[in-house]
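A quick write-up on the structure given underneath.
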Amino acid sequence: MGILTGEEGDPVALENAVAQGRVILVCEHASRLLPASLGTLGLSVEALASHIAWDPGALAVSRLMAEQLDATLLFQRFSRLVYDCNRPPESPAAMPEKSEVFDVPGNVGLDQAARDARTHALYIPFRDTLRDLVEARIAAGRPPVIATMHSFTPVYFGQPRDVEIGILHDADARLADAMLAAAGTEGPYTIRRNEPYGPDDGVTHTLREHGLSKGLPNVMIEVRNDLIQDEAGQEVVAGYLTGLLGAALSAIQ
């Protein structure tokens with residue numbers, strides 16, 4: 001028996017597939033849903049509602065941006081605790097035994113067969129769907145721009161974070177540079193490059209796999225999740241990020 005039942009549906013969701021805009025928005029940590037076959041992974045209700053299981057608000061912001069940009073949105077329908085689709089299969093962080101202060105009992109001591117089962121159920125469909133989408137756009141003469149959408153906790157290991165929006169990049173900084181230039185220094189948010197994470201933290205797998213490998217402009221956007229807890233905050237942040245991304249795309253054309 002596989003990780004997912006037929007009733008649970010596909011692991012990857014694609015919205016606005018025929019969008020005419022250049023941007024493909026990717027949300028790897030959109031959901032806190034766990035496959036029924038894995039129970040609760042030994043975690044409490046509190047832990048499964050927290051940022052260790054998903055990126056709160058990220059999908060809502062992504063959907064608003066997709067509408068505003070006429071962008072395609074691709075996201076994972078199951079929790080990052082089962083498989084973190086922003087990590088390759090060989091990474092320990094793909095199926096973490098501990099996330100921040102929480103032990104994840106259901107991920108401890110997984111043998112290769114169990115790891116392979118999760119990889120094939122969740123990561124491979126996600127990777128292949130995004131790869132096929134990108135390649136189809138390139139073949140149609142419409143090379144896309146890839147923007148991955150995330151949120152982060154305001155307090156991490158007991159330390160408050162004052163950054164509000166992070167603009168992250170790997171070796172290709174074109175889009176990040178243009179977004180940071182558009183943001184300037186007098187905007188409504190505290191915005192920084194490669195914070196609260198950066199390439200050395202292993203967070204740019206999707207950018208590398210689907211952007212850098214094909215020479216496509218790409219960026220990872222991190223939003224502090226207290227800013228996007230409700231619809232009003234989500235709308236404000238989405239509008240702001242849409243403006244930044246639109247200005248950046250005009251600048252790098």
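In the structure tokens, each chain is lettered A, B, ... as it comes, each chain's residues begin at 1, and ligands are numbered from 1 in order of appearance.
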Return as CSV the residues of region 123-191 of chain A lying at most 12 Å from region 42-50 of chain A, together with the closest atom-to-atom pair for each and the distance in Å to one decimal, counting only C-alpha atoms, with rows in chain order and ascending residue number.
```
residue,atom,partner,partner_atom,distance
A:Ser151,CA,A:Ser50,CA,11.7
A:Phe152,CA,A:Ser50,CA,10.6
A:Thr153,CA,A:Ser50,CA,9.0
A:Pro154,CA,A:Ser50,CA,11.9
A:Val155,CA,A:Ser50,CA,11.9
A:Tyr156,CA,A:Ser50,CA,12.0
```
If you run DSSP on the backbone here, which positions in region 11-155 of chain A get strand (DSSP E or B)? Please write them as a tab-separated table (two decimals) with all heavy atoms, in the first residue's frame.
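Saved result, states.tsv, follows:
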```tsv
chain	number	residue	atom	x	y	z
A	12	VAL	N	0.10	17.08	-5.76
A	12	VAL	CA	0.43	18.40	-6.28
A	12	VAL	C	-0.80	19.02	-6.92
A	12	VAL	O	-1.58	18.34	-7.58
A	12	VAL	CB	1.60	18.31	-7.30
A	12	VAL	CG1	1.27	17.38	-8.43
A	12	VAL	CG2	1.97	19.68	-7.84
A	13	ALA	N	-0.99	20.30	-6.67
A	13	ALA	CA	-2.12	21.03	-7.25
A	13	ALA	C	-1.60	22.11	-8.19
A	13	ALA	O	-0.57	22.75	-7.92
A	13	ALA	CB	-2.96	21.67	-6.14
A	14	LEU	N	-2.32	22.29	-9.27
A	14	LEU	CA	-1.95	23.29	-10.27
A	14	LEU	C	-3.17	24.16	-10.52
A	14	LEU	O	-4.24	23.66	-10.88
A	14	LEU	CB	-1.52	22.58	-11.56
A	14	LEU	CG	-0.80	23.38	-12.64
A	14	LEU	CD1	0.52	23.93	-12.11
A	14	LEU	CD2	-0.56	22.50	-13.87
A	15	GLU	N	-3.02	25.46	-10.30
A	15	GLU	CA	-4.12	26.40	-10.50
A	15	GLU	C	-3.74	27.42	-11.56
A	15	GLU	O	-2.59	27.85	-11.64
A	15	GLU	CB	-4.46	27.09	-9.18
A	15	GLU	CG	-4.98	26.13	-8.11
A	15	GLU	CD	-5.36	26.79	-6.80
A	15	GLU	OE1	-5.09	28.01	-6.63
A	15	GLU	OE2	-5.91	26.10	-5.93
A	23	VAL	N	5.06	34.59	-14.80
A	23	VAL	CA	5.47	34.03	-13.52
A	23	VAL	C	4.81	32.68	-13.24
A	23	VAL	O	3.61	32.51	-13.47
A	23	VAL	CB	5.15	35.00	-12.37
A	23	VAL	CG1	5.53	34.40	-11.01
A	23	VAL	CG2	5.88	36.33	-12.58
A	24	ILE	N	5.61	31.75	-12.75
A	24	ILE	CA	5.10	30.54	-12.13
A	24	ILE	C	5.37	30.66	-10.64
A	24	ILE	O	6.53	30.76	-10.22
A	24	ILE	CB	5.77	29.27	-12.69
A	24	ILE	CG1	5.44	29.08	-14.17
A	24	ILE	CG2	5.33	28.04	-11.89
A	24	ILE	CD1	6.19	27.93	-14.83
A	25	LEU	N	4.32	30.68	-9.84
A	25	LEU	CA	4.44	30.74	-8.39
A	25	LEU	C	4.44	29.31	-7.84
A	25	LEU	O	3.63	28.48	-8.25
A	25	LEU	CB	3.28	31.52	-7.78
A	25	LEU	CG	3.23	33.02	-8.11
A	25	LEU	CD1	1.88	33.61	-7.71
A	25	LEU	CD2	4.36	33.77	-7.42
A	26	VAL	N	5.36	29.05	-6.92
A	26	VAL	CA	5.51	27.71	-6.36
A	26	VAL	C	5.42	27.82	-4.85
A	26	VAL	O	6.12	28.64	-4.23
A	26	VAL	CB	6.87	27.10	-6.76
A	26	VAL	CG1	7.00	25.68	-6.20
A	26	VAL	CG2	7.03	27.09	-8.28
A	27	CYS	N	4.57	26.99	-4.25
A	27	CYS	CA	4.40	27.00	-2.79
A	27	CYS	C	4.61	25.57	-2.29
A	27	CYS	O	3.68	24.77	-2.29
A	27	CYS	CB	3.02	27.54	-2.44
A	27	CYS	SG	2.82	28.00	-0.70
A	72	THR	N	0.51	31.17	-13.09
A	72	THR	CA	0.19	29.80	-12.71
A	72	THR	C	0.73	29.55	-11.31
A	72	THR	O	1.83	30.00	-10.97
A	72	THR	CB	0.80	28.81	-13.71
A	72	THR	OG1	0.17	28.98	-14.98
A	72	THR	CG2	0.62	27.37	-13.26
A	73	LEU	N	-0.04	28.84	-10.52
A	73	LEU	CA	0.36	28.49	-9.15
A	73	LEU	C	0.43	26.98	-9.01
A	73	LEU	O	-0.53	26.27	-9.35
A	73	LEU	CB	-0.64	29.07	-8.15
A	73	LEU	CG	-0.51	28.60	-6.68
A	73	LEU	CD1	0.84	28.98	-6.10
A	73	LEU	CD2	-1.64	29.17	-5.84
A	74	LEU	N	1.54	26.51	-8.50
A	74	LEU	CA	1.73	25.08	-8.23
A	74	LEU	C	2.06	24.92	-6.75
A	74	LEU	O	2.92	25.64	-6.23
A	74	LEU	CB	2.86	24.55	-9.11
A	74	LEU	CG	3.18	23.06	-9.02
A	74	LEU	CD1	3.60	22.54	-10.40
A	74	LEU	CD2	4.33	22.80	-8.04
A	75	PHE	N	1.37	24.00	-6.07
A	75	PHE	CA	1.66	23.81	-4.65
A	75	PHE	C	1.50	22.36	-4.23
A	75	PHE	O	0.81	21.56	-4.88
A	75	PHE	CB	0.82	24.73	-3.76
A	75	PHE	CG	-0.67	24.51	-3.82
A	75	PHE	CD1	-1.31	23.66	-2.93
A	75	PHE	CD2	-1.46	25.20	-4.75
A	75	PHE	CE1	-2.69	23.48	-2.97
A	75	PHE	CE2	-2.83	25.02	-4.80
A	75	PHE	CZ	-3.45	24.17	-3.91
A	76	GLN	N	2.18	22.01	-3.13
A	76	GLN	CA	2.12	20.68	-2.54
A	76	GLN	C	0.94	20.62	-1.58
A	76	GLN	O	0.76	21.51	-0.75
A	76	GLN	CB	3.42	20.39	-1.80
A	76	GLN	CG	3.43	19.13	-0.95
A	76	GLN	CD	3.13	17.86	-1.73
A	76	GLN	OE1	2.08	17.25	-1.54
A	76	GLN	NE2	4.05	17.49	-2.62
A	98	LYS	N	13.67	16.25	13.46
A	98	LYS	CA	13.39	17.33	14.40
A	98	LYS	C	13.22	18.62	13.61
A	98	LYS	O	13.95	18.87	12.65
A	98	LYS	CB	14.53	17.48	15.42
A	98	LYS	CG	14.23	18.49	16.52
A	98	LYS	CD	15.20	18.37	17.68
A	98	LYS	CE	14.80	19.25	18.83
A	98	LYS	NZ	15.63	19.05	20.04
A	99	SER	N	12.23	19.42	14.00
A	99	SER	CA	12.00	20.70	13.37
A	99	SER	C	11.91	21.76	14.46
A	99	SER	O	11.02	21.72	15.30
A	99	SER	CB	10.72	20.68	12.55
A	99	SER	OG	10.53	21.90	11.86
A	102	PHE	N	10.70	20.90	18.07
A	102	PHE	CA	9.80	19.74	18.07
A	102	PHE	C	10.49	18.50	17.51
A	102	PHE	O	10.99	18.51	16.39
A	102	PHE	CB	8.56	20.02	17.22
A	102	PHE	CG	7.66	21.11	17.74
A	102	PHE	CD1	7.84	22.42	17.31
A	102	PHE	CD2	6.66	20.83	18.65
A	102	PHE	CE1	7.01	23.43	17.78
A	102	PHE	CE2	5.82	21.84	19.12
A	102	PHE	CZ	6.00	23.13	18.69
A	103	ASP	N	10.51	17.43	18.27
A	103	ASP	CA	10.88	16.13	17.74
A	103	ASP	C	9.72	15.62	16.89
A	103	ASP	O	8.55	15.87	17.19
A	103	ASP	CB	11.16	15.13	18.87
A	103	ASP	CG	12.41	15.48	19.66
A	103	ASP	OD1	13.42	15.86	19.04
A	103	ASP	OD2	12.36	15.40	20.90
A	145	VAL	N	9.35	32.84	-15.41
A	145	VAL	CA	10.06	33.31	-14.23
A	145	VAL	C	9.52	32.49	-13.06
A	145	VAL	O	8.31	32.29	-12.95
A	145	VAL	CB	9.82	34.81	-14.00
A	145	VAL	CG1	10.31	35.25	-12.64
A	145	VAL	CG2	10.46	35.63	-15.11
A	146	ILE	N	10.40	32.02	-12.19
A	146	ILE	CA	9.97	31.18	-11.07
A	146	ILE	C	10.11	31.96	-9.76
A	146	ILE	O	11.19	32.48	-9.45
A	146	ILE	CB	10.79	29.88	-11.02
A	146	ILE	CG1	10.52	29.06	-12.28
A	146	ILE	CG2	10.44	29.08	-9.77
A	146	ILE	CD1	11.39	27.85	-12.41
A	147	ALA	N	9.02	32.02	-9.01
A	147	ALA	CA	9.04	32.66	-7.69
A	147	ALA	C	8.44	31.67	-6.69
A	147	ALA	O	7.30	31.25	-6.83
A	147	ALA	CB	8.23	33.95	-7.70
A	148	THR	N	9.24	31.28	-5.70
A	148	THR	CA	8.74	30.38	-4.67
A	148	THR	C	8.30	31.21	-3.47
A	148	THR	O	8.96	32.18	-3.10
A	148	THR	CB	9.79	29.33	-4.26
A	148	THR	OG1	10.91	29.97	-3.65
A	148	THR	CG2	10.28	28.56	-5.48
A	149	MET	N	7.18	30.80	-2.86
A	149	MET	CA	6.54	31.60	-1.83
A	149	MET	C	6.55	30.87	-0.49
A	149	MET	O	6.12	29.72	-0.40
A	149	MET	CB	5.09	31.89	-2.25
A	149	MET	CG	4.95	32.65	-3.54
A	149	MET	SD	5.68	34.31	-3.46
A	149	MET	CE	4.76	34.99	-2.08
A	150	HIS	N	7.01	31.56	0.54
A	150	HIS	CA	7.14	30.97	1.87
A	150	HIS	C	6.76	31.97	2.94
A	150	HIS	O	6.73	33.18	2.71
A	150	HIS	CB	8.60	30.54	2.11
A	150	HIS	CG	9.07	29.47	1.17
A	150	HIS	ND1	9.10	28.14	1.52
A	150	HIS	CD2	9.52	29.54	-0.10
A	150	HIS	CE1	9.55	27.44	0.50
A	150	HIS	NE2	9.81	28.26	-0.51
A	151	SER	N	6.51	31.45	4.15
A	151	SER	CA	6.40	32.32	5.32
A	151	SER	C	7.28	31.76	6.42
A	151	SER	O	7.65	30.59	6.40
A	151	SER	CB	4.94	32.42	5.79
A	151	SER	OG	4.48	31.22	6.38
A	152	PHE	N	7.63	32.62	7.38
A	152	PHE	CA	8.51	32.19	8.46
A	152	PHE	C	8.00	32.70	9.80
A	152	PHE	O	7.27	33.69	9.88
A	152	PHE	CB	9.96	32.63	8.22
A	152	PHE	CG	10.17	34.13	8.19
A	152	PHE	CD1	10.57	34.82	9.33
A	152	PHE	CD2	10.00	34.86	7.02
A	152	PHE	CE1	10.80	36.19	9.32
A	152	PHE	CE2	10.22	36.24	6.98
A	152	PHE	CZ	10.62	36.90	8.14
A	155	VAL	N	9.41	34.20	15.78
A	155	VAL	CA	10.35	33.82	16.85
A	155	VAL	C	10.87	32.43	16.54
A	155	VAL	O	10.09	31.48	16.36
A	155	VAL	CB	9.66	33.83	18.23
A	155	VAL	CG1	10.65	33.42	19.32
A	155	VAL	CG2	9.07	35.21	18.53
```
message: Can you tell me which residues surround Ala183 (chain A) at a distance of at most 12 Å, considering only C-alpha atoms, apart from same-chain residues fewer than 2 positions away, and format the answer as JSON, numbers by chain?
response: {"A": [165, 166, 167, 176, 177, 178, 179, 180, 181, 185, 186, 187, 188, 189, 190, 191, 192, 193, 240, 241, 242, 243, 244, 245, 246, 247, 248]}
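Relative to CA of Ile124 (chain A), CA of Ala140 (chain A) is found at 23.9 Å.
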- request: Give the answer as one residue: which of A:Asp172, A:Ala182, A:Ala232, A:Leu207 has the shortest atom-to-atom distance to Ala251 (chain A), using only C-alpha atoms?
  value: A:Ala182
Region 196-204 of chain A: which residues within 7 Å, counting only C-alpha atoms, same-chain residues fewer than 4 positions away excluded, as a short mmCIF file (atom, residue, chain, number, x, y, z; two decimals) with N, CA and C atoms, in the first residue's frame?
```cif
data_model
loop_
_atom_site.label_atom_id
_atom_site.label_comp_id
_atom_site.auth_asym_id
_atom_site.auth_seq_id
_atom_site.Cartn_x
_atom_site.Cartn_y
_atom_site.Cartn_z
N ASN A 86 11.05 21.28 -0.98
CA ASN A 86 12.16 22.18 -1.27
C ASN A 86 13.49 21.55 -0.87
N GLY A 166 11.86 38.60 3.32
CA GLY A 166 13.16 38.23 2.81
C GLY A 166 13.08 37.98 1.32
N LEU A 168 15.23 36.15 -1.38
CA LEU A 168 16.31 35.17 -1.37
C LEU A 168 16.70 34.76 -2.79
N ASP A 170 19.95 32.36 -5.10
CA ASP A 170 21.15 31.53 -5.13
C ASP A 170 22.15 32.22 -6.04
N ARG A 208 17.30 26.08 -7.73
CA ARG A 208 18.40 25.44 -8.46
C ARG A 208 17.88 24.43 -9.48
#
```
Two-atom distance - CA of Leu227 (chain A), CA of Leu81 (chain A) (Å):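 For CA of Leu227 (chain A) relative to CA of Leu81 (chain A), the distance reads 23.3 Å.
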Which of region 2-225 of chain A DSSP labels helix (DSSP H, G or I), written as a PyMOL selection string: chain A and resi 6-8+36-38+45-49+58-69+92-94+105-107+112-139+174-183+199-201+205-210+212-214+225
task: Do a neighbour search on Val108 (chain A) at 10 Å with only C-alpha atoms, toss out local chain neighbours closer than 4 positions, and write the hits as a count of residues only.
output: 7
- prompt: For Asp162 (chain A), which of A:Asp84, A:Leu4, A:Ser31, A:Glu195 is the closest residue, counting only C-alpha atoms?
  reply: A:Glu195
- prompt: Counting only C-alpha atoms, what is within 7 Å of Gly57 (chain A), bar same-chain residues fewer than 3 positions away, as an MDAnalysis selection string?
  reply: chainID A and resid 60:61 151 225 228:229
With all heavy atoms kept, could you save the residues just selected as an mmCIF file, in the first residue's frame?
```cif
data_model
loop_
_atom_site.group_PDB
_atom_site.id
_atom_site.type_symbol
_atom_site.label_atom_id
_atom_site.label_comp_id
_atom_site.auth_asym_id
_atom_site.auth_seq_id
_atom_site.Cartn_x
_atom_site.Cartn_y
_atom_site.Cartn_z
ATOM 1 N N ALA A 60 -2.406 31.425 0.727
ATOM 2 C CA ALA A 60 -3.386 32.493 0.520
ATOM 3 C C ALA A 60 -2.754 33.675 -0.218
ATOM 4 O O ALA A 60 -3.345 34.228 -1.158
ATOM 5 C CB ALA A 60 -3.948 32.947 1.866
ATOM 6 N N VAL A 61 -1.556 34.058 0.191
ATOM 7 C CA VAL A 61 -0.856 35.151 -0.489
ATOM 8 C C VAL A 61 -0.529 34.758 -1.924
ATOM 9 O O VAL A 61 -0.678 35.558 -2.862
ATOM 10 C CB VAL A 61 0.419 35.545 0.287
ATOM 11 C CG1 VAL A 61 1.270 36.524 -0.519
ATOM 12 C CG2 VAL A 61 0.046 36.158 1.636
ATOM 13 N N SER A 151 6.507 31.449 4.145
ATOM 14 C CA SER A 151 6.395 32.316 5.320
ATOM 15 C C SER A 151 7.282 31.757 6.423
ATOM 16 O O SER A 151 7.651 30.588 6.401
ATOM 17 C CB SER A 151 4.939 32.424 5.790
ATOM 18 O OG SER A 151 4.484 31.219 6.382
ATOM 19 N N ASN A 225 5.185 35.410 9.170
ATOM 20 C CA ASN A 225 3.793 34.962 9.124
ATOM 21 C C ASN A 225 2.820 35.756 9.994
ATOM 22 O O ASN A 225 1.606 35.645 9.809
ATOM 23 C CB ASN A 225 3.684 33.454 9.377
ATOM 24 C CG ASN A 225 4.071 33.014 10.775
ATOM 25 O OD1 ASN A 225 3.865 33.721 11.757
ATOM 26 N ND2 ASN A 225 4.624 31.812 10.875
ATOM 27 N N ILE A 228 0.596 37.977 7.839
ATOM 28 C CA ILE A 228 -0.375 37.400 6.902
ATOM 29 C C ILE A 228 -1.281 36.389 7.616
ATOM 30 O O ILE A 228 -1.666 35.367 7.059
ATOM 31 C CB ILE A 228 0.327 36.767 5.683
ATOM 32 C CG1 ILE A 228 1.448 35.811 6.116
ATOM 33 C CG2 ILE A 228 0.892 37.855 4.778
ATOM 34 C CD1 ILE A 228 2.096 35.063 4.950
ATOM 35 N N GLN A 229 -1.650 36.722 8.840
ATOM 36 C CA GLN A 229 -2.512 35.841 9.633
ATOM 37 C C GLN A 229 -3.968 35.907 9.213
ATOM 38 O O GLN A 229 -4.714 34.951 9.432
ATOM 39 C CB GLN A 229 -2.419 36.213 11.117
ATOM 40 C CG GLN A 229 -1.072 35.968 11.747
ATOM 41 C CD GLN A 229 -1.092 36.334 13.218
ATOM 42 O OE1 GLN A 229 -1.383 35.517 14.072
ATOM 43 N NE2 GLN A 229 -0.788 37.588 13.521
#
```
message: Residues within 10 Å of Arg77 (chain A), please, as an MDAnalysis selection string. Count only C-alpha atoms; anything in the same chain fewer than 2 positions from it doesn't count.
response: chainID A and resid 8:13 27:35 74:75 79:80 122 126
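With distances restricted to only C-alpha atoms, A:Gly21 is the closest residue to Leu69 (chain A) from A:Pro125, A:Pro160, A:Gly21, A:Gly106.
Compared by their closest atoms to Val236 (chain A), and using only C-alpha atoms, the residues A:Ala139, A:Leu175, A:Ile52, A:Leu64 rank with A:Leu64 nearest.
Interatomic distance, CA of Arg131 (chain A) against CA of Pro143 (chain A): 12.3 Å.
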query: Looking at A:Arg22, A:Leu249, A:Pro89, A:Met65, which one is nearest to Gly141 (chain A), with distances taken over only C-alpha atoms?
result: A:Arg22
message: Which residue is closest to Glu231 (chain A)? Choose from A:Glu67, A:Ala58, A:Phe157, A:Glu209 and count only C-alpha atoms.
response: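 Of A:Glu67, A:Ala58, A:Phe157, A:Glu209, the one nearest Glu231 (chain A) is A:Ala58, counting only C-alpha atoms.
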